[in-house]
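Notes follow once the structure below has been shown.
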Amino acid sequence: MKVTRPVVRPKDVDRVVLLVREDDNKKGDANRWVRQYLRYGMTATFSSVKFKGRSVPERPTCATRQSWYDLTRLVKPGFAFWPKAQQYRHIIPANPDRMICNCNLYDLDSDTLTSTE
């Protein structure tokens with residue numbers, strides 16, 4: 001609903017995601033703030049009826065990962081976004097900067113368009 005043009009750029013979005021590989025978390029002072037943020041995530045219990053005060057690393061989707069915070073293997077940004085739903089118009093915006101999309105969009109990439117036949 002917020003897409004106003006056929007190309008989405010970083011300046012057009014109002015949210016960001018921090019991707020941290022397990023290896024990155026173990027390197028020097030440059031990542032001091034990242035480590036501090038991850039420590040907060042390990043101990044904070046965000047209000048949730050479903051998870052009843054469990055910390056983020058204890059929740060099912062995070063607990064199955066080797067490092068609960070490492071999403072880098074799951075992310076493969078595509079060249080365009082395909083919306084899961086539309087209201088007034090169906091727009092498939094280009095994603096030339098290969099930004100990451102959320103659960104309301106699908107990433108289109110060359111593998112998606114390749115036939116398996």
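Each chain in the structure tokens gets a letter, A, B, ..., in the order shown, and its residues are numbered from 1; ligands are numbered from 1 in order too.
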
- request: Write out as number ranges by chain which residues come within 12 Å of Leu71 (chain A) when counting only C-alpha atoms, dropping same-chain ones fewer than 4 positions away.
  value: A: 17-22, 61-62, 64-67, 75-76, 100

Write a file of the selected residues as a compact mmCIF listing (two decimals), in the first residue's frame, keeping N, CA, C and O atoms.
# COMPACT_ATOMS: atom_id res chain seq x y z
N VAL A 17 16.52 -3.79 8.74
CA VAL A 17 16.83 -5.03 9.44
C VAL A 17 18.35 -5.12 9.58
O VAL A 17 19.09 -4.69 8.68
N LEU A 18 18.80 -5.64 10.70
CA LEU A 18 20.22 -5.83 10.93
C LEU A 18 20.53 -7.30 10.74
O LEU A 18 20.02 -8.15 11.47
N LEU A 19 21.35 -7.63 9.74
CA LEU A 19 21.76 -9.01 9.50
C LEU A 19 23.17 -9.20 10.04
O LEU A 19 24.08 -8.46 9.69
N VAL A 20 23.31 -10.20 10.91
CA VAL A 20 24.61 -10.48 11.53
C VAL A 20 24.92 -11.95 11.35
O VAL A 20 24.13 -12.80 11.74
N ARG A 21 26.06 -12.23 10.72
CA ARG A 21 26.52 -13.62 10.63
C ARG A 21 27.17 -13.99 11.95
O ARG A 21 27.68 -13.15 12.68
N GLU A 22 27.18 -15.26 12.25
CA GLU A 22 27.80 -15.74 13.48
C GLU A 22 29.25 -15.27 13.57
O GLU A 22 29.71 -14.80 14.60
N THR A 61 11.35 -20.79 16.42
CA THR A 61 12.06 -20.53 15.15
C THR A 61 13.51 -20.14 15.39
O THR A 61 14.37 -20.45 14.58
N CYS A 62 13.79 -19.47 16.49
CA CYS A 62 15.17 -19.08 16.79
C CYS A 62 15.95 -20.22 17.41
O CYS A 62 17.15 -20.37 17.16
N THR A 64 15.92 -23.30 16.76
CA THR A 64 16.37 -24.32 15.80
C THR A 64 17.62 -23.90 15.04
O THR A 64 18.26 -24.74 14.42
N ARG A 65 17.97 -22.63 15.07
CA ARG A 65 19.17 -22.16 14.36
C ARG A 65 20.42 -22.39 15.18
O ARG A 65 20.38 -22.36 16.40
N GLN A 66 21.53 -22.57 14.51
CA GLN A 66 22.81 -22.73 15.21
C GLN A 66 23.10 -21.49 16.05
O GLN A 66 23.46 -21.59 17.22
N SER A 67 22.98 -20.33 15.46
CA SER A 67 23.04 -19.05 16.18
C SER A 67 21.67 -18.42 16.02
O SER A 67 21.25 -18.14 14.90
N VAL A 75 18.19 -15.35 3.74
CA VAL A 75 17.86 -14.16 2.98
C VAL A 75 18.51 -14.20 1.60
O VAL A 75 19.71 -14.41 1.48
N LYS A 76 17.68 -14.05 0.58
CA LYS A 76 18.18 -13.95 -0.79
C LYS A 76 17.34 -12.90 -1.51
O LYS A 76 16.34 -13.22 -2.16
N ILE A 100 15.90 -6.28 1.44
CA ILE A 100 15.21 -7.44 2.01
C ILE A 100 13.74 -7.07 2.22
O ILE A 100 13.43 -5.97 2.68

Counting only C-alpha atoms, closest pick from A:Ala44, A:Val49, A:Leu108, A:Val16 relative to Asn95 (chain A) is A:Leu108

Restricting to only C-alpha atoms, whichever of A:Asp97, A:Arg59, A:Trp33, A:Gln86 is closest to Thr45 (chain A) is A:Arg59

**Request:** Would you list the contacts of Arg5 (chain A) as a ChimeraX atom specification, taking every protein, DNA or RNA residue within 12 Å and counting only C-alpha atoms, but skipping same-chain residues closer than 5 positions in sequence?
**Result:** /A:12,91-95
